[in-house]
$ cat upload.txt   # compact mmCIF, C-alpha atoms and all ligand atoms
# COMPACT_ATOMS: atom_id res chain seq x y z
CA MET A 11 13.81 22.14 -14.40
CA LYS A 12 11.27 20.64 -16.77
CA ILE A 13 9.80 17.18 -17.21
CA THR A 14 10.80 15.78 -20.59
CA ASN A 15 9.31 12.27 -20.57
CA VAL A 16 7.08 9.87 -18.65
CA GLU A 17 7.38 6.14 -19.25
CA ALA A 18 5.00 3.55 -17.83
CA ILE A 19 6.81 0.21 -17.69
CA VAL A 20 4.94 -3.03 -16.96
CA LEU A 21 6.89 -5.66 -15.03
CA SER A 22 5.46 -9.13 -14.54
CA LEU A 23 6.54 -12.58 -13.43
CA PRO A 24 6.38 -15.03 -16.37
CA GLU A 25 3.84 -17.19 -14.55
CA LYS A 26 1.21 -15.94 -12.13
CA ARG A 27 -1.00 -17.79 -9.66
CA GLU A 28 -4.65 -16.82 -9.47
CA ARG A 29 -4.68 -15.60 -5.89
CA THR A 30 -4.64 -12.30 -4.03
CA ASP A 31 -0.93 -11.66 -4.43
CA GLY A 32 0.16 -8.17 -5.47
CA THR A 33 3.81 -9.17 -5.79
CA GLN A 34 3.36 -10.82 -9.19
CA ASP A 35 3.38 -7.71 -11.37
CA MET A 36 3.72 -3.94 -11.15
CA LEU A 37 3.71 -0.71 -13.08
CA LEU A 38 6.97 1.22 -12.79
CA VAL A 39 6.79 4.92 -13.71
CA LYS A 40 9.97 6.68 -14.89
CA VAL A 41 9.94 10.47 -15.14
CA THR A 42 12.85 12.15 -16.92
CA THR A 43 13.88 15.80 -16.67
CA ASP A 44 15.98 18.17 -18.74
CA SER A 45 18.50 18.34 -15.87
CA GLY A 46 19.32 14.66 -16.25
CA ILE A 47 17.62 13.74 -12.99
CA VAL A 48 15.32 10.73 -13.28
CA GLY A 49 12.61 9.88 -10.75
CA TYR A 50 10.84 6.57 -10.23
CA GLY A 51 7.40 5.84 -8.90
CA GLU A 52 5.14 2.83 -8.71
CA VAL A 53 1.47 2.15 -9.32
CA ASP A 54 -0.40 -0.68 -7.61
CA SER A 55 -3.29 -1.31 -9.97
CA SER A 56 -3.94 -3.51 -12.94
CA PRO A 57 -0.65 -2.52 -14.63
CA LEU A 58 -1.89 -2.32 -18.23
CA VAL A 59 -5.00 -0.37 -17.22
CA ALA A 60 -2.93 2.18 -15.32
CA LYS A 61 -0.43 2.37 -18.17
CA SER A 62 -3.26 3.30 -20.51
CA VAL A 63 -4.32 6.10 -18.15
CA ILE A 64 -0.79 7.51 -18.43
CA ASP A 65 -0.21 6.95 -22.17
CA ALA A 66 -3.69 7.72 -23.55
CA PRO A 67 -3.88 10.48 -26.18
CA VAL A 68 -6.00 13.57 -25.70
CA SER A 69 -9.68 12.72 -26.08
CA HIS A 70 -11.05 16.04 -24.87
CA THR A 71 -10.30 18.71 -22.27
CA ILE A 72 -11.06 16.61 -19.21
CA SER A 73 -10.07 13.26 -20.70
CA ARG A 74 -6.36 13.37 -21.31
CA GLY A 75 -3.51 10.91 -20.72
CA LEU A 76 -1.46 11.89 -17.68
CA ARG A 77 1.88 12.11 -19.47
CA HIS A 78 0.57 14.87 -21.71
CA LEU A 79 -0.44 16.82 -18.63
CA VAL A 80 2.99 16.82 -16.98
CA ILE A 81 5.55 16.88 -19.81
CA GLY A 82 7.05 20.37 -20.07
CA GLN A 83 6.07 21.19 -16.49
CA ASP A 84 8.22 21.95 -13.42
CA PRO A 85 8.52 18.80 -11.22
CA PHE A 86 8.65 20.96 -8.07
CA ALA A 87 5.08 22.12 -8.71
CA TYR A 88 3.74 18.93 -7.17
CA GLU A 89 0.47 20.38 -5.86
CA TYR A 90 -0.26 22.13 -9.15
CA LEU A 91 0.58 19.01 -11.13
CA TRP A 92 -1.58 16.81 -8.88
CA ASP A 93 -4.52 19.09 -9.53
CA ARG A 94 -3.68 19.36 -13.22
CA MET A 95 -3.72 15.58 -13.53
CA TYR A 96 -6.90 15.24 -11.47
CA GLN A 97 -8.77 17.84 -13.56
CA GLY A 98 -7.27 16.61 -16.82
CA CYS A 99 -8.73 13.11 -16.43
CA LEU A 100 -11.89 14.05 -14.56
CA TYR A 101 -14.10 12.36 -17.12
CA HIS A 102 -12.63 8.87 -16.62
CA GLY A 103 -10.93 9.58 -13.31
CA ARG A 104 -11.70 10.72 -9.73
CA ARG A 105 -11.60 7.13 -8.44
CA GLY A 106 -9.80 3.89 -9.19
CA ALA A 107 -7.22 3.42 -11.94
CA ALA A 108 -6.80 7.11 -12.81
CA ILE A 109 -5.86 8.11 -9.26
CA GLN A 110 -3.78 4.96 -8.89
CA ALA A 111 -1.85 5.94 -12.05
CA MET A 112 -1.38 9.48 -10.73
CA SER A 113 0.38 7.92 -7.73
CA GLY A 114 3.26 6.71 -9.89
CA ILE A 115 3.90 10.16 -11.35
CA ASP A 116 3.51 11.91 -7.98
CA LEU A 117 6.01 9.53 -6.33
CA ALA A 118 8.46 10.08 -9.18
CA LEU A 119 8.13 13.86 -8.70
CA TRP A 120 9.05 13.49 -5.01
CA ASP A 121 11.99 11.29 -6.01
CA ILE A 122 13.15 13.99 -8.45
CA MET A 123 12.77 16.80 -5.90
CA GLY A 124 14.76 14.88 -3.31
CA LYS A 125 17.51 13.99 -5.76
CA ALA A 126 17.71 17.59 -7.02
CA LEU A 127 18.14 18.87 -3.45
CA GLY A 128 20.24 15.95 -2.23
CA MET A 129 17.72 15.24 0.53
CA PRO A 130 15.50 12.34 1.56
CA VAL A 131 11.84 12.86 0.75
CA TYR A 132 10.71 12.77 4.39
CA LYS A 133 12.65 15.99 4.99
CA LEU A 134 10.83 17.71 2.12
CA LEU A 135 7.57 16.51 3.67
CA GLY A 136 8.51 18.14 6.96
CA GLY A 137 9.19 14.75 8.53
CA GLY A 138 11.08 14.01 11.68
CA PHE A 139 8.49 12.22 13.77
CA ARG A 140 10.55 9.03 13.63
CA LYS A 141 13.74 7.62 12.12
CA GLU A 142 12.52 4.03 12.19
CA VAL A 143 9.17 2.31 12.26
CA ARG A 144 8.07 -0.93 13.90
CA ALA A 145 7.27 -3.34 11.09
CA TYR A 146 4.80 -6.17 10.86
CA ALA A 147 5.47 -9.11 8.56
CA SER A 148 2.62 -9.28 6.09
CA ALA A 149 1.88 -12.48 4.20
CA LEU A 150 -0.79 -14.75 2.82
CA PHE A 151 -2.04 -17.67 4.88
CA GLY A 152 -0.09 -20.87 4.27
CA ASP A 153 -1.42 -23.73 2.16
CA ASP A 154 -2.57 -25.48 5.37
CA LEU A 155 -2.39 -24.92 9.14
CA ALA A 156 1.11 -26.39 9.44
CA HIS A 157 2.41 -24.15 6.65
CA THR A 158 0.70 -21.14 8.25
CA SER A 159 2.38 -21.97 11.55
CA ASP A 160 5.79 -22.37 9.88
CA LYS A 161 5.47 -18.99 8.18
CA VAL A 162 4.58 -17.20 11.41
CA LYS A 163 7.46 -18.86 13.26
CA ARG A 164 9.90 -17.86 10.54
CA TYR A 165 8.85 -14.20 10.73
CA VAL A 166 9.15 -14.20 14.53
CA ASP A 167 12.61 -15.81 14.19
CA ASP A 168 13.48 -13.01 11.75
CA GLY A 169 12.80 -10.51 14.54
CA PHE A 170 9.30 -9.26 13.70
CA THR A 171 7.23 -8.31 16.75
CA ALA A 172 3.97 -8.34 14.78
CA VAL A 173 2.68 -10.66 12.04
CA LYS A 174 -0.31 -10.37 9.73
CA MET A 175 -1.75 -13.04 7.47
CA GLY A 176 -4.78 -12.97 5.30
CA TRP A 177 -7.08 -13.63 2.37
CA GLU A 178 -7.82 -17.08 1.00
CA PRO A 179 -9.06 -19.38 2.50
CA MET A 180 -10.63 -17.14 5.16
CA GLY A 181 -14.38 -16.93 4.79
CA ARG A 182 -15.02 -20.45 3.50
CA ASP A 183 -15.47 -22.27 6.84
CA PRO A 184 -15.96 -20.43 10.15
CA ASP A 185 -14.42 -23.22 12.24
CA TYR A 186 -11.35 -23.34 10.00
CA ASP A 187 -11.07 -19.55 10.25
CA VAL A 188 -10.87 -19.86 14.02
CA GLN A 189 -8.25 -22.59 13.59
CA LEU A 190 -6.21 -20.26 11.37
CA VAL A 191 -6.21 -17.51 14.00
CA LYS A 192 -5.50 -19.99 16.81
CA THR A 193 -2.58 -21.38 14.78
CA MET A 194 -1.19 -17.89 14.26
CA ARG A 195 -1.43 -17.06 17.96
CA GLU A 196 0.19 -20.33 19.04
CA ALA A 197 3.03 -19.94 16.53
CA ALA A 198 3.59 -16.28 17.41
CA GLY A 199 3.60 -16.77 21.17
CA PRO A 200 2.03 -14.39 23.68
CA LYS A 201 4.25 -11.36 23.09
CA VAL A 202 3.99 -10.93 19.31
CA ASP A 203 1.04 -8.99 17.92
CA VAL A 204 -1.20 -11.00 15.59
CA LEU A 205 -3.12 -9.16 12.86
CA VAL A 206 -5.80 -10.80 10.71
CA ASP A 207 -6.68 -9.72 7.16
CA ALA A 208 -10.04 -11.26 6.32
CA GLY A 209 -9.92 -10.17 2.68
CA LEU A 210 -13.47 -8.87 2.07
CA CYS A 211 -15.04 -12.22 2.87
CA TRP A 212 -18.08 -11.62 5.13
CA ASP A 213 -21.29 -9.69 5.61
CA ALA A 214 -21.63 -7.54 8.71
CA LYS A 215 -23.37 -10.07 10.96
CA THR A 216 -20.89 -12.82 10.11
CA ALA A 217 -18.00 -10.42 10.73
CA ILE A 218 -19.44 -9.46 14.13
CA ARG A 219 -19.79 -13.13 15.04
CA MET A 220 -16.26 -13.96 13.86
CA ALA A 221 -14.72 -10.96 15.65
CA ARG A 222 -16.23 -12.35 18.86
CA ARG A 223 -14.88 -15.85 18.16
CA PHE A 224 -11.40 -14.38 17.58
CA GLU A 225 -11.44 -12.59 20.95
CA ASP A 226 -9.75 -15.53 22.69
CA TYR A 227 -6.65 -14.95 20.55
CA ASP A 228 -6.17 -11.27 21.31
CA ILE A 229 -5.72 -9.98 17.76
CA PHE A 230 -4.34 -6.50 17.19
CA TRP A 231 -6.71 -5.62 14.38
CA LEU A 232 -9.20 -7.26 12.02
CA GLU A 233 -8.66 -5.98 8.49
CA GLU A 234 -11.13 -5.63 5.64
CA PRO A 235 -13.74 -8.15 6.75
CA LEU A 236 -16.39 -6.47 4.53
CA HIS A 237 -16.75 -5.26 0.98
CA PRO A 238 -15.34 -1.72 0.77
CA ASP A 239 -18.71 -0.28 -0.31
CA ASN A 240 -20.46 -1.68 2.75
CA LEU A 241 -20.09 1.45 4.88
CA GLU A 242 -23.17 0.74 6.97
CA GLY A 243 -21.83 -2.75 7.65
CA TYR A 244 -18.50 -1.28 8.75
CA ARG A 245 -20.33 1.03 11.15
CA ARG A 246 -22.33 -1.81 12.68
CA LEU A 247 -19.21 -3.98 12.97
CA SER A 248 -17.04 -1.24 14.48
CA GLU A 249 -19.68 -0.44 17.05
CA ALA A 250 -20.24 -4.11 17.97
CA ALA A 251 -16.68 -5.48 17.98
CA SER A 252 -14.05 -4.93 20.66
CA VAL A 253 -11.19 -5.46 18.19
CA ARG A 254 -9.88 -2.58 16.04
CA ILE A 255 -11.26 -2.61 12.50
CA ALA A 256 -8.77 -1.65 9.78
CA ALA A 257 -9.55 -0.75 6.16
CA GLY A 258 -8.63 1.54 3.29
CA GLU A 259 -6.39 -0.34 0.87
CA GLU A 260 -9.10 -0.57 -1.80
CA GLU A 261 -9.63 3.19 -1.75
CA SER A 262 -8.05 5.64 -4.13
CA SER A 263 -9.76 8.93 -3.28
CA ARG A 264 -9.70 11.19 -0.26
CA ALA A 265 -13.50 11.32 -0.31
CA SER A 266 -13.68 7.55 0.05
CA PHE A 267 -11.46 7.69 3.12
CA VAL A 268 -13.70 10.33 4.65
CA ASP A 269 -16.64 7.97 4.07
CA LEU A 270 -14.82 5.02 5.66
CA MET A 271 -13.91 7.11 8.70
CA ASP A 272 -17.10 9.13 9.19
CA ARG A 273 -19.73 6.67 8.00
CA GLY A 274 -17.90 3.34 8.38
CA LYS A 275 -16.35 4.33 11.73
CA ILE A 276 -13.19 2.31 11.09
CA ASP A 277 -10.43 2.36 13.72
CA VAL A 278 -7.27 2.12 11.60
CA VAL A 279 -6.79 3.94 8.28
CA GLN A 280 -4.70 2.07 5.71
CA VAL A 281 -3.26 4.19 2.91
CA ASP A 282 -1.38 2.78 -0.06
CA VAL A 283 0.83 5.52 -1.50
CA THR A 284 0.86 3.74 -4.87
CA ARG A 285 -2.96 3.86 -5.06
CA VAL A 286 -4.20 7.06 -3.45
CA GLY A 287 -2.40 9.59 -5.65
CA GLY A 288 1.09 9.37 -4.16
CA LEU A 289 2.62 11.13 -1.18
CA THR A 290 0.95 14.46 -1.95
CA GLU A 291 -2.48 12.97 -1.30
CA ALA A 292 -1.49 10.33 1.25
CA LYS A 293 -0.29 12.98 3.68
CA LYS A 294 -3.63 14.80 3.44
CA ILE A 295 -5.51 11.56 4.14
CA ALA A 296 -3.21 10.84 7.08
CA TYR A 297 -4.04 14.22 8.60
CA LEU A 298 -7.76 13.67 8.07
CA ALA A 299 -7.27 10.52 10.16
CA HIS A 300 -5.24 12.40 12.74
CA ASP A 301 -8.00 15.00 13.05
CA ARG A 302 -10.32 12.14 14.03
CA GLY A 303 -7.89 10.59 16.52
CA LEU A 304 -7.18 7.62 14.25
CA PRO A 305 -3.86 5.97 13.40
CA CYS A 306 -2.78 5.95 9.76
CA VAL A 307 -0.64 3.10 8.49
CA ASN A 308 0.63 2.12 5.07
CA HIS A 309 -0.63 -0.61 2.86
CA SER A 310 2.22 -2.15 0.86
CA PHE A 311 2.18 -5.47 -0.90
CA THR A 312 4.39 -4.71 -3.87
CA THR A 313 7.99 -3.46 -4.11
CA ASP A 314 10.62 -1.54 -2.15
CA ILE A 315 9.54 1.64 -3.99
CA ASN A 316 6.21 1.38 -2.19
CA ILE A 317 7.86 0.55 1.15
CA ALA A 318 10.39 3.40 0.84
CA ALA A 319 7.69 5.93 -0.06
CA SER A 320 5.57 4.62 2.82
CA LEU A 321 8.46 5.09 5.23
CA HIS A 322 8.81 8.73 4.12
CA LEU A 323 5.08 9.19 4.77
CA LEU A 324 5.17 7.51 8.18
CA ALA A 325 8.15 9.68 9.17
CA SER A 326 6.14 12.79 8.26
CA ILE A 327 2.91 12.25 10.20
CA PRO A 328 2.27 12.05 13.94
CA ASN A 329 -0.14 9.10 13.88
CA ALA A 330 1.88 6.24 12.36
CA PRO A 331 2.36 3.28 14.71
CA LEU A 332 3.28 0.49 12.26
CA LEU A 333 4.77 -0.33 8.87
CA GLU A 334 3.35 -3.06 6.67
CA PHE A 335 6.33 -5.01 5.37
CA CYS A 336 5.36 -7.56 2.74
CA ALA A 337 7.26 -10.74 3.60
CA GLU A 338 6.31 -12.75 0.50
CA GLU A 339 9.35 -13.65 -1.58
CA SER A 340 8.51 -12.80 -5.17
CA PRO A 341 11.56 -11.55 -7.13
CA LEU A 342 9.77 -8.25 -7.84
CA ARG A 343 9.33 -7.87 -4.09
CA THR A 344 12.88 -8.78 -3.09
CA GLN A 345 15.17 -8.03 -6.05
CA LEU A 346 14.00 -4.78 -7.65
CA ALA A 347 16.08 -2.61 -5.32
CA ARG A 348 19.87 -2.95 -5.50
CA GLU A 349 19.96 -2.80 -1.71
CA PRO A 350 16.67 -4.23 -0.45
CA ILE A 351 15.11 -2.53 2.58
CA GLN A 352 16.03 -4.50 5.68
CA VAL A 353 14.24 -5.31 8.92
CA LEU A 354 16.45 -5.23 12.01
CA ASP A 355 15.04 -6.38 15.35
CA GLY A 356 11.54 -5.79 13.98
CA MET A 357 12.27 -2.18 12.98
CA VAL A 358 12.83 -0.57 9.56
CA ARG A 359 14.81 2.62 9.18
CA VAL A 360 13.48 5.51 7.10
CA PRO A 361 15.76 5.88 4.01
CA GLU A 362 18.29 8.71 4.28
CA GLY A 363 19.51 8.73 0.66
CA PRO A 364 18.38 11.44 -1.77
CA GLY A 365 14.84 11.17 -3.11
CA LEU A 366 12.94 8.04 -2.18
CA GLY A 367 16.30 6.45 -1.43
CA VAL A 368 15.86 3.35 -3.58
CA GLU A 369 18.28 2.50 -6.35
CA LEU A 370 16.72 0.11 -8.82
CA ASN A 371 18.34 -2.95 -10.37
CA GLU A 372 18.24 -2.40 -14.13
CA GLU A 373 18.88 -6.09 -14.83
CA VAL A 374 15.79 -7.06 -12.85
CA ILE A 375 13.74 -4.44 -14.70
CA GLU A 376 14.86 -5.84 -18.06
CA ARG A 377 14.28 -9.44 -16.95
CA TYR A 378 10.62 -8.88 -16.03
CA ARG A 379 9.77 -6.10 -18.47
CA VAL A 380 6.70 -6.77 -20.60
CA ARG A 381 7.00 -5.28 -24.10
CA THR A 382 3.64 -3.72 -24.81
MG MG B 1 -5.11 -6.12 3.38

$ encode --input "upload.txt" --output "structure tokens" --more "lines below"
Ligand code: MG
Amino acid sequence: MKITNVEAIVLSLPEKRERTDGTQDMLLVKVTTDSGIVGYGEVDSSPLVAKSVIDAPVSHTISRGLRHLVIGQDPFAYEYLWDRMYQGCLYHGRRGAAIQAMSGIDLALWDIMGKALGMPVYKLLGGGFRKEVRAYASALFGDDLAHTSDKVKRYVDDGFTAVKMGWEPMGRDPDYDVQLVKTMREAAGPKVDVLVDAGLCWDAKTAIRMARRFEDYDIFWLEEPLHPDNLEGYRRLSEAASVRIAAGEEESSRASFVDLMDRGKIDVVQVDVTRVGGLTEAKKIAYLAHDRGLPCVNHSFTTDINIAASLHLLASIPNAPLLEFCAEESPLRTQLAREPIQVLDGMVRVPEGPGLGVELNEEVIERYRVRT
């Protein structure tokens, strides 16, 4: 089998709000083969930037567009192709958008391999650790405390046993931040786990102080309180705080995760399969975490392609306690898959269909497609 084409397709809502909401656009990657099998992947990046990484013409030996590096190649050679892409864009790559763009192609390769063999991807990854994963509802804070409370209650009513909220307005007013966490805890009740995503808003000393103020509300983890480059701050925070510190969603390279774990001393490793170079690389990062006795969870705030691929990862590693399930209701989040991934009694089943196990809705793709 040979790869015959790679298309990078930008999807976007017609109107976007300026807030930290990854459900408003996406880059869909479609890889076609000479056998007729088509694989799909996703990139969580700035869609047009990542599309350029894929479509760019050859500039020189180590600055080539990704599609030129994989067309004509065997899709089963996933390790070789990962390295070929990495080396082929070394000049502008190694971190950020280039690795993020590689994720879309890598995920599509896994989709193709699974479809060709009639098997779900987790089986090709050697998975079997779990058939379902406990999910947490992941959302942005409400517009005010009452709205935040309503959102948490709705997710608990939907069966979630863990709820995370985050980003704006956390970081603007310490007393209001405590009110936000108190509101979440009161709405969730004593038995539901409450997770807080601070959204890069503090310096280390503020984060240490806030982690102590949140102790009354028994939060499960405190996510990304610091800028991702502040490794020394992460170390000081992790050593001072009793709560678990989670981070990793801004990272795209294995080396950055090693830094976060070994220098930043984080407690929970968050890998986004649409940012770190796909499943091929995500599994390696997950095992680096496992070697250090750390849990590895997904980061997913985009579509069911991301969630499906994450489920295949979490089924294939020993150290995966939770699934991030984005509960925001953007049409790209909820309508891209013909049969959206469901949460039942707080659990999500690992897809059993061939490939990633997600069939896409062509009408939705056409509706939100941006002609570039
Ligand atoms: Mg986050």

$ atom_distance --input "upload.txt" --atom1 "CA of Ser252 in chain A" --atom2 "CA of Gly356 in chain A"
26.5 Å

$ residues_near_ligand --input "upload.txt" --ligand "ligand MG 1 (chain B)" --cutoff "10 Å" --atoms "all atoms listed in the file" --output "VMD selection string"
chain A and resid 30 148 to 150 174 to 177 206 to 210 232 to 235 256 to 260 280 309 to 311 334

$ atom_distance --input "upload.txt" --atom1 "CA of Ala18 in chain A" --atom2 "CA of Leu119 in chain A"
14.1 Å

$ atom_distance --input "upload.txt" --atom1 "CA of His157 in chain A" --atom2 "CA of Val204 in chain A"
16.3 Å

$ closest_residue --input "upload.txt" --among "A:Ala107, A:Val380, A:Ile375, A:Ile47" --to "Gly128 in chain A" --atoms "all atoms listed in the file"
A:Ile47

$ residues_around --input "upload.txt" --residues "Val286 in chain A" --least-positions-apart "3" --cutoff "10 Å" --atoms "only C-alpha atoms" --output "short mmCIF file (atom, residue, chain, number, x, y, z; two decimals) with C-alpha atoms, in the coordinates of the input"
data_model
loop_
_atom_site.label_atom_id
_atom_site.label_comp_id
_atom_site.auth_asym_id
_atom_site.auth_seq_id
_atom_site.Cartn_x
_atom_site.Cartn_y
_atom_site.Cartn_z
CA VAL A 53 1.47 2.15 -9.32
CA ASP A 54 -0.40 -0.68 -7.61
CA ARG A 105 -11.60 7.13 -8.44
CA GLY A 106 -9.80 3.89 -9.19
CA ALA A 107 -7.22 3.42 -11.94
CA ALA A 108 -6.80 7.11 -12.81
CA ILE A 109 -5.86 8.11 -9.26
CA GLN A 110 -3.78 4.96 -8.89
CA ALA A 111 -1.85 5.94 -12.05
CA MET A 112 -1.38 9.48 -10.73
CA SER A 113 0.38 7.92 -7.73
CA GLY A 114 3.26 6.71 -9.89
CA GLY A 258 -8.63 1.54 3.29
CA GLU A 259 -6.39 -0.34 0.87
CA GLU A 260 -9.10 -0.57 -1.80
CA GLU A 261 -9.63 3.19 -1.75
CA SER A 262 -8.05 5.64 -4.13
CA SER A 263 -9.76 8.93 -3.28
CA ARG A 264 -9.70 11.19 -0.26
CA PHE A 267 -11.46 7.69 3.12
CA VAL A 281 -3.26 4.19 2.91
CA ASP A 282 -1.38 2.78 -0.06
CA VAL A 283 0.83 5.52 -1.50
CA LEU A 289 2.62 11.13 -1.18
CA THR A 290 0.95 14.46 -1.95
CA GLU A 291 -2.48 12.97 -1.30
CA ALA A 292 -1.49 10.33 1.25
CA ILE A 295 -5.51 11.56 4.14
#

$ residues_around --input "upload.txt" --residues "Glu242 in chain A" --least-positions-apart "4" --cutoff "10 Å" --atoms "all atoms listed in the file" --output "MDAnalysis selection string"
chainID A and resid 214 246:248 270 273:275

$ residues_around --input "upload.txt" --residues "Val143 in chain A" --least-positions-apart "6" --cutoff "9 Å" --atoms "all atoms listed in the file" --output "PyMOL selection string"
chain A and resi 321+324-325+330-333+356-360

$ closest_residue --input "upload.txt" --among "A:Pro361, A:Leu304, A:Ser266, A:Val353" --to "Val166 in chain A" --atoms "all atoms listed in the file"
A:Val353
